[in-house]
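Engineer: File input_20.tsv below, TSV, C-alpha atoms:
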chain	number	residue	atom	x	y	z
A	160	SER	CA	96.68	27.21	-102.74
A	161	HIS	CA	94.66	27.46	-99.52
A	162	ASP	CA	97.87	27.69	-97.50
A	163	SER	CA	99.14	30.61	-99.59
A	164	ARG	CA	95.92	32.63	-99.70
A	165	ALA	CA	93.90	34.31	-96.96
A	166	THR	CA	90.57	34.00	-98.78
A	167	ASN	CA	88.53	30.92	-99.56
A	168	LEU	CA	88.80	29.40	-103.02
A	169	SER	CA	85.83	29.04	-105.29
A	170	VAL	CA	85.56	26.05	-107.61
A	171	GLN	CA	86.25	28.48	-110.47
A	172	ASP	CA	89.47	29.44	-108.71
A	173	LEU	CA	90.31	25.76	-108.44
A	174	GLU	CA	89.86	25.28	-112.18
A	175	ALA	CA	91.92	28.35	-113.09
A	176	LEU	CA	94.74	27.48	-110.67
A	177	TYR	CA	94.99	23.94	-111.95
A	178	ILE	CA	95.24	25.08	-115.58
A	179	SER	CA	97.83	27.68	-114.56
A	180	LYS	CA	99.93	25.00	-112.85
A	181	HIS	CA	99.66	22.71	-115.88
A	182	PRO	CA	100.11	24.94	-118.96
A	183	ALA	CA	100.62	21.94	-121.25
A	184	ILE	CA	97.28	20.35	-120.32
A	185	THR	CA	95.36	18.98	-123.31
A	186	SER	CA	91.95	20.23	-124.36
A	187	SER	CA	90.38	16.87	-123.47
A	188	ALA	CA	91.92	17.05	-120.00
A	189	ILE	CA	90.56	20.58	-119.57
A	190	GLN	CA	87.09	19.36	-120.48
A	191	ARG	CA	87.42	16.55	-117.93
A	192	LEU	CA	88.55	19.07	-115.33
A	193	LYS	CA	85.54	21.30	-116.03
A	194	GLU	CA	83.22	18.32	-115.58
A	195	GLU	CA	84.83	17.44	-112.24
A	196	VAL	CA	84.63	21.05	-111.04
A	197	GLN	CA	80.99	21.30	-112.11
A	198	VAL	CA	80.16	18.42	-109.76
A	199	LEU	CA	81.61	20.39	-106.84
A	200	LYS	CA	79.81	23.67	-107.50
A	201	ASP	CA	76.56	23.09	-105.65
A	202	ILE	CA	77.48	20.61	-102.96
A	203	GLU	CA	78.96	20.85	-99.50
A	204	LEU	CA	81.69	18.25	-98.89
A	205	SER	CA	83.63	17.38	-95.77
A	206	GLU	CA	87.41	17.62	-95.69
A	207	GLU	CA	87.62	13.81	-95.73
A	208	VAL	CA	85.53	13.58	-98.90
A	209	TYR	CA	87.61	16.25	-100.63
A	210	ASP	CA	90.73	14.30	-99.67
A	211	THR	CA	89.26	11.14	-101.18
A	212	LEU	CA	88.35	12.94	-104.40
A	213	VAL	CA	91.85	14.34	-104.78
A	214	GLN	CA	93.39	10.96	-103.97
A	215	ASP	CA	91.24	9.20	-106.57
A	216	ALA	CA	92.06	11.84	-109.18
A	217	TRP	CA	95.78	11.43	-108.44
A	218	VAL	CA	95.56	7.64	-108.85
A	219	GLU	CA	93.77	8.06	-112.20
A	220	TYR	CA	96.41	10.55	-113.34
A	221	LYS	CA	99.28	8.20	-112.43
A	222	ALA	CA	97.53	5.23	-114.06
A	223	ALA	CA	97.24	7.25	-117.28
A	224	GLU	CA	100.96	8.07	-117.11
A	225	ILE	CA	101.80	4.38	-116.71
A	226	ALA	CA	99.56	3.42	-119.63
A	227	GLN	CA	101.13	6.02	-121.93
A	228	LEU	CA	104.67	5.05	-120.96
A	229	ALA	CA	103.88	1.36	-121.54
A	230	ILE	CA	102.60	2.24	-125.03
A	231	ASP	CA	105.76	4.26	-125.73
A	232	ILE	CA	107.93	1.32	-124.67
A	233	GLY	CA	105.90	-1.02	-126.87
A	234	ASP	CA	106.35	1.40	-129.80
A	235	HIS	CA	110.12	1.64	-129.09
A	236	LYS	CA	109.83	5.36	-128.35
A	237	GLU	CA	111.16	4.89	-124.82
A	238	ARG	CA	113.86	2.49	-123.58
A	239	ASP	CA	114.32	3.55	-119.96
A	240	TYR	CA	112.26	0.84	-118.23
A	241	THR	CA	113.19	2.18	-114.80
A	242	LYS	CA	110.72	5.05	-115.34
A	243	LEU	CA	107.89	2.52	-115.59
A	244	THR	CA	108.99	0.75	-112.40
A	245	ALA	CA	109.23	4.07	-110.56
A	246	LEU	CA	105.72	5.10	-111.66
A	247	VAL	CA	104.21	1.79	-110.56
A	248	GLU	CA	105.91	2.07	-107.16
A	249	GLU	CA	104.70	5.65	-106.82
A	250	LEU	CA	101.15	4.57	-107.61
A	251	THR	CA	101.22	1.79	-105.01
A	252	ASN	CA	102.43	4.22	-102.35
A	253	THR	CA	99.11	5.84	-101.47
A	254	SER	CA	100.73	8.10	-98.87
A	255	LYS	CA	102.11	10.45	-101.52
A	256	ILE	CA	99.27	12.91	-101.06
A	257	SER	CA	98.83	12.63	-97.31
A	258	GLY	CA	101.35	13.05	-94.52
A	259	LEU	CA	102.36	16.66	-95.16
A	260	LEU	CA	102.95	18.65	-92.00
A	261	PRO	CA	101.79	22.27	-91.83
A	262	LEU	CA	104.58	24.55	-90.65
A	263	ALA	CA	102.72	25.28	-87.43
A	264	ASP	CA	102.98	21.60	-86.45
A	265	ILE	CA	106.76	21.34	-86.95
A	266	ASP	CA	108.44	21.68	-83.57
A	267	PHE	CA	111.61	23.78	-83.60
A	268	ASP	CA	113.51	21.56	-81.15
A	269	THR	CA	112.49	18.44	-83.08
A	270	LEU	CA	114.18	19.81	-86.19
A	271	PHE	CA	117.50	20.01	-84.41
A	272	ASP	CA	117.04	16.76	-82.51
A	273	ARG	CA	116.70	15.06	-85.89
A	274	VAL	CA	120.17	16.32	-86.87
A	275	GLY	CA	121.55	14.32	-83.95
A	276	GLU	CA	119.98	11.12	-85.30
A	277	GLU	CA	121.16	11.89	-88.83
A	278	ARG	CA	124.77	12.29	-87.59
A	279	LYS	CA	124.73	9.85	-84.68
A	280	TRP	CA	127.67	7.68	-85.73
A	281	LYS	CA	131.03	9.45	-85.82
A	282	PHE	CA	133.97	8.71	-88.10
A	283	ASN	CA	136.94	7.51	-86.04
A	284	PHE	CA	139.33	9.52	-88.20
A	285	GLU	CA	139.19	13.11	-86.93
A	286	ASP	CA	139.95	14.88	-90.22
A	287	LEU	CA	137.16	12.94	-91.95
A	288	GLN	CA	134.76	13.58	-89.05
A	289	GLN	CA	135.41	17.32	-89.38
A	290	ARG	CA	134.52	17.17	-93.07
A	291	LEU	CA	131.34	15.06	-92.81
A	292	GLY	CA	130.11	15.46	-89.24
A	293	GLY	CA	129.01	11.82	-88.89
A	294	ILE	CA	126.33	9.63	-90.47
A	295	GLY	CA	123.00	8.26	-89.29
A	296	GLU	CA	119.40	7.55	-90.20
A	297	GLY	CA	118.63	7.82	-93.91
A	298	SER	CA	122.14	8.59	-95.16
A	299	PHE	CA	123.55	6.88	-98.26
A	300	GLY	CA	127.27	7.06	-98.93
A	301	VAL	CA	129.62	5.67	-101.57
A	302	ILE	CA	133.24	4.64	-101.09
A	303	ALA	CA	135.22	3.88	-104.24
A	304	ALA	CA	138.81	3.29	-105.32
A	305	ARG	CA	140.91	1.38	-107.81
A	306	PRO	CA	141.64	-2.33	-107.10
A	307	GLU	CA	144.13	-2.84	-104.27
A	308	ALA	CA	143.83	0.78	-103.16
A	309	GLY	CA	142.42	-0.28	-99.79
A	310	LYS	CA	138.71	0.54	-99.98
A	311	THR	CA	137.71	-2.54	-97.93
A	312	ALA	CA	140.51	-1.92	-95.40
A	313	PHE	CA	139.42	1.71	-95.14
A	314	THR	CA	135.80	0.72	-94.47
A	315	ILE	CA	136.84	-2.00	-92.00
A	316	SER	CA	138.79	0.65	-90.10
A	317	LEU	CA	135.71	2.90	-89.90
A	318	VAL	CA	133.53	0.02	-88.69
A	319	PHE	CA	135.89	-2.11	-86.54
A	320	GLY	CA	138.77	0.25	-85.75
A	321	VAL	CA	139.52	2.14	-82.54
A	322	GLU	CA	136.43	4.24	-81.66
A	323	GLY	CA	134.77	2.96	-84.84
A	324	PHE	CA	131.07	2.45	-85.42
A	325	LEU	CA	130.99	-0.87	-83.52
A	326	ALA	CA	132.87	0.60	-80.56
A	327	GLN	CA	130.24	3.36	-80.48
A	328	GLY	CA	127.51	0.71	-80.10
A	329	ALA	CA	126.14	0.64	-83.66
A	330	LYS	CA	124.55	-2.56	-84.96
A	331	VAL	CA	126.19	-3.25	-88.31
A	332	LEU	CA	125.25	-5.53	-91.21
A	333	TRP	CA	128.12	-6.25	-93.62
A	334	ILE	CA	126.89	-7.63	-96.96
A	335	ALA	CA	129.75	-9.20	-98.92
A	336	ASN	CA	129.62	-10.51	-102.48
A	337	GLU	CA	133.32	-10.41	-103.31
A	338	GLU	CA	135.60	-11.17	-100.35
A	339	PRO	CA	134.60	-14.28	-98.30
A	340	TYR	CA	132.98	-13.27	-95.01
A	341	ALA	CA	135.53	-15.15	-92.84
A	342	LYS	CA	138.36	-13.07	-94.29
A	343	THR	CA	136.43	-9.85	-93.72
A	344	ILE	CA	135.68	-10.73	-90.08
A	345	ARG	CA	139.29	-11.78	-89.42
A	346	ARG	CA	140.47	-8.43	-90.77
A	347	GLY	CA	137.82	-6.72	-88.66
A	348	ILE	CA	139.01	-8.48	-85.51
A	349	SER	CA	142.55	-7.30	-86.28
A	350	ALA	CA	141.31	-3.72	-86.64
A	351	TYR	CA	139.33	-3.90	-83.40
A	352	SER	CA	141.80	-5.82	-81.23
A	353	GLY	CA	145.09	-4.47	-82.54
A	354	TYR	CA	146.44	-7.98	-83.14
A	355	THR	CA	147.77	-8.86	-86.60
A	356	GLN	CA	146.78	-12.06	-88.39
A	357	ALA	CA	150.23	-13.48	-87.65
A	358	GLN	CA	149.88	-12.71	-83.94
A	359	MET	CA	146.45	-14.33	-83.81
A	360	GLU	CA	147.83	-17.46	-85.47
A	361	LEU	CA	150.30	-17.80	-82.58
A	362	ASP	CA	147.78	-17.01	-79.81
A	363	ARG	CA	144.08	-16.55	-80.56
A	364	LEU	CA	142.84	-16.04	-77.02
A	365	PRO	CA	143.53	-12.27	-76.52
A	366	ALA	CA	141.84	-11.33	-79.81
A	367	LYS	CA	139.02	-13.77	-79.12
A	368	GLU	CA	138.27	-12.03	-75.82
A	369	LYS	CA	138.26	-8.62	-77.53
A	370	TYR	CA	135.92	-9.90	-80.26
A	371	LYS	CA	133.32	-10.84	-77.62
A	372	GLU	CA	132.83	-7.11	-76.96
A	373	ILE	CA	131.36	-6.49	-80.42
A	374	LYS	CA	130.22	-9.93	-81.59
A	375	ALA	CA	126.52	-9.29	-80.86
A	376	ASN	CA	126.51	-6.11	-82.95
A	377	ILE	CA	128.01	-7.39	-86.21
A	378	ASN	CA	126.33	-9.67	-88.74
A	379	VAL	CA	127.66	-10.72	-92.14
A	380	ILE	CA	125.92	-11.98	-95.26
A	381	TYR	CA	128.06	-13.54	-97.98
A	382	ASP	CA	126.15	-14.11	-101.21
A	383	THR	CA	127.51	-13.51	-104.70
A	384	ALA	CA	124.02	-13.56	-106.25
A	385	LEU	CA	122.18	-11.32	-103.78
A	386	THR	CA	119.57	-8.97	-105.29
A	387	ILE	CA	118.73	-5.46	-104.13
A	388	LYS	CA	115.18	-6.66	-103.45
A	389	GLU	CA	116.52	-9.35	-101.09
A	390	ILE	CA	118.67	-6.76	-99.31
A	391	ASP	CA	115.59	-4.57	-98.90
A	392	GLU	CA	113.61	-7.48	-97.44
A	393	TYR	CA	116.40	-8.46	-95.05
A	394	VAL	CA	116.91	-4.96	-93.69
A	395	ALA	CA	113.13	-4.58	-93.34
A	396	VAL	CA	112.93	-7.39	-90.77
A	397	SER	CA	116.29	-6.86	-89.06
A	398	LYS	CA	117.02	-3.47	-87.51
A	399	TYR	CA	120.54	-2.27	-88.21
A	400	ASP	CA	122.07	1.15	-87.67
A	401	ILE	CA	124.58	0.78	-90.51
A	402	VAL	CA	124.53	-1.44	-93.62
A	403	ILE	CA	127.76	-1.97	-95.59
A	404	ILE	CA	127.43	-3.39	-99.12
A	405	ASP	CA	130.75	-4.66	-100.50
A	406	GLN	CA	130.43	-4.32	-103.45
A	407	LEU	CA	127.26	-2.45	-104.33
A	408	ASP	CA	127.83	-2.60	-108.09
A	409	LYS	CA	127.74	-6.41	-107.98
A	410	VAL	CA	124.30	-6.55	-106.39
A	411	GLN	CA	121.78	-8.03	-108.83
A	412	VAL	CA	118.77	-6.11	-110.17
A	413	THR	CA	115.84	-7.40	-112.19
A	414	GLY	CA	114.55	-5.80	-115.36
A	415	GLU	CA	115.92	-4.74	-118.73
A	416	PHE	CA	117.99	-1.61	-119.20
A	417	ALA	CA	118.98	0.01	-122.46
A	418	ARG	CA	122.34	1.09	-121.04
A	419	GLU	CA	124.55	0.00	-118.15
A	420	ASP	CA	124.45	3.43	-116.50
A	421	GLN	CA	120.62	3.19	-116.30
A	422	LYS	CA	120.97	-0.08	-114.38
A	423	TYR	CA	123.42	1.49	-111.93
A	424	LYS	CA	121.21	4.55	-111.45
A	425	TYR	CA	118.27	2.28	-110.61
A	426	LEU	CA	120.44	0.19	-108.24
A	427	TYR	CA	121.65	3.28	-106.39
A	428	GLN	CA	118.11	4.65	-106.17
A	429	LYS	CA	117.07	1.41	-104.47
A	430	ALA	CA	120.05	1.47	-102.09
A	431	ARG	CA	119.10	5.01	-101.10
A	432	GLU	CA	115.49	3.90	-100.57
A	433	VAL	CA	116.70	1.20	-98.16
A	434	ALA	CA	118.45	3.88	-96.11
A	435	ILE	CA	115.40	6.14	-96.00
A	436	LYS	CA	112.68	3.50	-95.52
A	437	TYR	CA	114.41	1.73	-92.64
A	438	ASN	CA	116.16	4.68	-90.97
A	439	THR	CA	119.60	3.19	-91.45
A	440	ALA	CA	122.91	4.41	-92.86
A	441	VAL	CA	123.87	2.58	-96.06
A	442	ILE	CA	127.43	2.59	-97.40
A	443	GLY	CA	128.17	1.10	-100.82
A	444	ILE	CA	131.75	0.09	-101.69
A	445	ASN	CA	132.64	0.12	-105.39
A	446	GLN	CA	135.37	0.31	-107.99
A	447	ALA	CA	136.71	3.49	-109.52
A	448	SER	CA	137.25	3.43	-113.28
A	449	ALA	CA	140.63	3.16	-115.02
A	450	GLU	CA	140.61	6.96	-115.32
A	451	ALA	CA	141.51	7.10	-111.59
A	452	GLU	CA	144.55	4.83	-111.94
A	453	GLY	CA	147.67	6.38	-110.37
A	454	LYS	CA	145.85	9.55	-109.30
A	455	LEU	CA	145.77	11.02	-105.83
A	456	TYR	CA	143.00	13.46	-106.76
A	457	TYR	CA	139.94	12.76	-108.89
A	458	GLY	CA	136.17	13.25	-108.87
A	459	PHE	CA	132.97	11.22	-109.26
A	460	GLU	CA	133.44	11.26	-113.05
A	461	CYS	CA	135.76	8.31	-112.33
A	462	LEU	CA	133.05	6.14	-110.76
A	463	ASP	CA	133.02	2.90	-112.72
A	464	GLY	CA	130.05	2.34	-115.05
A	465	SER	CA	128.23	5.59	-114.34
A	466	LYS	CA	129.09	9.22	-113.83
A	467	THR	CA	126.00	11.31	-113.05
A	468	GLY	CA	123.54	8.52	-112.21
A	469	LYS	CA	125.47	7.16	-109.24
A	470	ALA	CA	126.59	10.54	-107.94
A	471	ALA	CA	123.06	11.95	-108.03
A	472	GLU	CA	121.77	9.43	-105.47
A	473	ALA	CA	124.53	9.60	-102.85
A	474	ASP	CA	124.61	11.98	-99.87
A	475	TYR	CA	128.38	11.78	-99.80
A	476	ILE	CA	131.11	10.16	-101.91
A	477	LEU	CA	134.57	9.21	-100.67
A	478	LEU	CA	137.13	8.38	-103.36
A	479	LEU	CA	140.53	6.99	-102.33
A	480	GLY	CA	143.36	8.38	-104.40
A	481	MET	CA	146.60	6.42	-104.69
A	482	GLU	CA	149.88	6.98	-106.53
A	483	SER	CA	150.88	4.23	-108.92
A	484	ILE	CA	153.13	1.60	-107.37
A	485	ALA	CA	155.53	2.04	-110.28
A	486	ALA	CA	156.04	5.67	-109.20
A	487	ASN	CA	157.25	4.40	-105.82
A	488	SER	CA	159.86	1.92	-107.08
A	489	GLY	CA	157.32	-0.88	-107.11
A	490	GLN	CA	156.37	-0.43	-103.45
A	491	ASP	CA	153.07	0.70	-101.94
A	492	ASN	CA	153.74	3.49	-99.42
A	493	PHE	CA	150.11	3.18	-98.19
A	494	PHE	CA	149.58	6.92	-98.46
A	495	ARG	CA	146.09	7.75	-99.67
A	496	VAL	CA	144.00	10.85	-100.29
A	497	ILE	CA	140.30	10.76	-99.42
A	498	ASN	CA	138.60	12.90	-102.08
A	499	ILE	CA	135.12	14.18	-101.17
A	500	PRO	CA	133.55	15.29	-104.48
A	501	LYS	CA	130.04	15.17	-103.01
A	502	ASN	CA	129.03	16.11	-99.49
A	503	LYS	CA	125.40	16.96	-98.80
A	504	LEU	CA	125.98	16.42	-95.07
A	505	THR	CA	128.08	19.54	-94.41
A	506	GLY	CA	129.16	20.85	-97.82
A	507	ASN	CA	132.89	20.53	-96.99
A	508	HIS	CA	134.81	19.07	-99.96
A	509	LYS	CA	138.40	19.52	-98.77
A	510	PRO	CA	140.41	16.30	-99.37
A	511	VAL	CA	141.83	14.34	-96.42
A	512	ASN	CA	145.27	12.72	-96.30
A	513	MET	CA	145.64	9.36	-94.61
A	514	VAL	CA	147.99	6.40	-94.21
A	515	LEU	CA	146.75	2.80	-94.09
A	516	ILE	CA	148.17	0.18	-91.72
A	517	PRO	CA	147.49	-2.89	-93.92
A	518	GLU	CA	148.40	-5.57	-91.38
A	519	LEU	CA	145.68	-4.24	-89.06
A	520	SER	CA	143.23	-2.88	-91.66
A	521	ARG	CA	143.38	0.44	-89.84
A	522	ILE	CA	143.85	4.09	-90.68
A	523	LYS	CA	146.86	5.57	-88.92
A	524	ARG	CA	145.42	7.97	-86.33
Starting from the coordinates I provided, produce the structure as structure tokens.
Structural biologist:
Amino acid sequence: SHDSRATNLSVQDLEALYISKHPAITSSAIQRLKEEVQVLKDIELSEEVYDTLVQDAWVEYKAAEIAQLAIDIGDHKERDYTKLTALVEELTNTSKISGLLPLADIDFDTLFDRVGEERKWKFNFEDLQQRLGGIGEGSFGVIAARPEAGKTAFTISLVFGVEGFLAQGAKVLWIANEEPYAKTIRRGISAYSGYTQAQMELDRLPAKEKYKEIKANINVIYDTALTIKEIDEYVAVSKYDIVIIDQLDKVQVTGEFAREDQKYKYLYQKAREVAIKYNTAVIGINQASAEAEGKLYYGFECLDGSKTGKAAEADYILLLGMESIAANSGQDNFFRVINIPKNKLTGNHKPVNMVLIPELSRIKR
């Protein structure tokens, strides 16, 4: 209110503005407000003391919210336990009130420099790069497709392929809970070196020498029981530019959820928090539902297990469309369509055509 008004505010103004901002406030809360305002009427307080008073009032308000929600859960009036977890986490983060920058302190050049960090790592597939403009600090993306549609190969190509994230110098953590890590790395070496698995079986040395170029920048965790909390803790102590989670839906979460989609929403919220808290780019690989089977074009309504909840958390979503093998005389022609139903990075949703090279886990450039 001070920022939007030229004149000073009286304590009566404070009372009236608060009630105006909270039209549903109860009569008991109004009485409490009047008592608090009365204390301020005849005393001169420093800015620091005012800040403390507001902070304390905010903590009390959040504590009351938590208490009421806990009662509602106990009375079976509320089943979404994630709300309670979110409130507790909000209460423990005491920086919610502080840390706001007045417009005068925001440097113009800094605003645009930040865009460079947010789009630092470029996609090595030009059509996709034109659509998304690159990824970087704080971005959370989702890649999904039907089984055997090539979602892991597609991601390997982005990370390990020619001019991929590793070739650009990014430090990458690949978290695997489905495909054994050795298989993933072997496929990655093929994508980076250009040698097929069969060629490496005959002569490992050329690919081994190429792998040395990126070995220090790639780390892999293989754990089928990994929790999102453990991922958070690992990323907190190990600085990575990009974190791949294959598959995100199989990451474990604690707590009880009334519905499966609530669990996924909470999981995706936490994955997004990892990206923001640790200034990294997180990419979650997942399954598309049976509704996407045999389709080249489809939207995030075909995300398995959740429609709105998952899509709401992602900055961008890439869905690989594939014709049914039966439609191609039982053969996979490796033609795919990259659908982009969500794109907060640039707003461009035009689909991208691509062809996979399966023996190298690469996109044909």
Engineer: Considering all atoms listed in the file, state which residue in the set A:Ile404, A:Ala245, A:Ile387, A:Ile294 is at the smallest distance from A:Asn336.
Structural biologist: A:Ile404
Engineer: Do a neighbour search on A:Pro500 at 7 Å with only C-alpha atoms, toss out local chain neighbours closer than 3 positions, and write the hits as an NGL selection string.
Structural biologist: :A and (458-459 or 476 or 508)
Engineer: In Å, with one decimal, what is the gap from atom CA of A:Ile334 to atom CA of A:Lys310?
Structural biologist: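 Between these atoms lies a distance of 14.7 Å.
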Engineer: Which value, in Å to one decimal, gives the distance between atom CA of A:Tyr209 and atom CA of A:Ser160?
Structural biologist: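 Interatomic distance, atom CA of A:Tyr209 to atom CA of A:Ser160: 14.4 Å.
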Engineer: Given 6 Å of margin on each side, can you work out the centre and size in Å (one decimal) of an axis-aligned box holding every listed atom of stretch 419-428 of chain A, as lines of an AutoDock Vina configuration file?
Structural biologist:
center_x = 121.3
center_y = 2.3
center_z = -112.2
size_x = 18.4
size_y = 16.7
size_z = 24.0
Engineer: Find the residues around A:Asp420 up to 9 Å (all atoms listed in the file counted), leave out those fewer than 6 positions away in its own chain, and share them as JSON, numbers by chain.
Structural biologist: {"A": [464, 465, 466, 467, 468, 469]}
Engineer: Have a look at atom CA of A:Arg290 and atom CA of A:Thr505 and let me know their distance in Å, one decimal.
Structural biologist: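 Atom-to-atom, atom CA of A:Arg290 and atom CA of A:Thr505 are spaced 7.0 Å apart.
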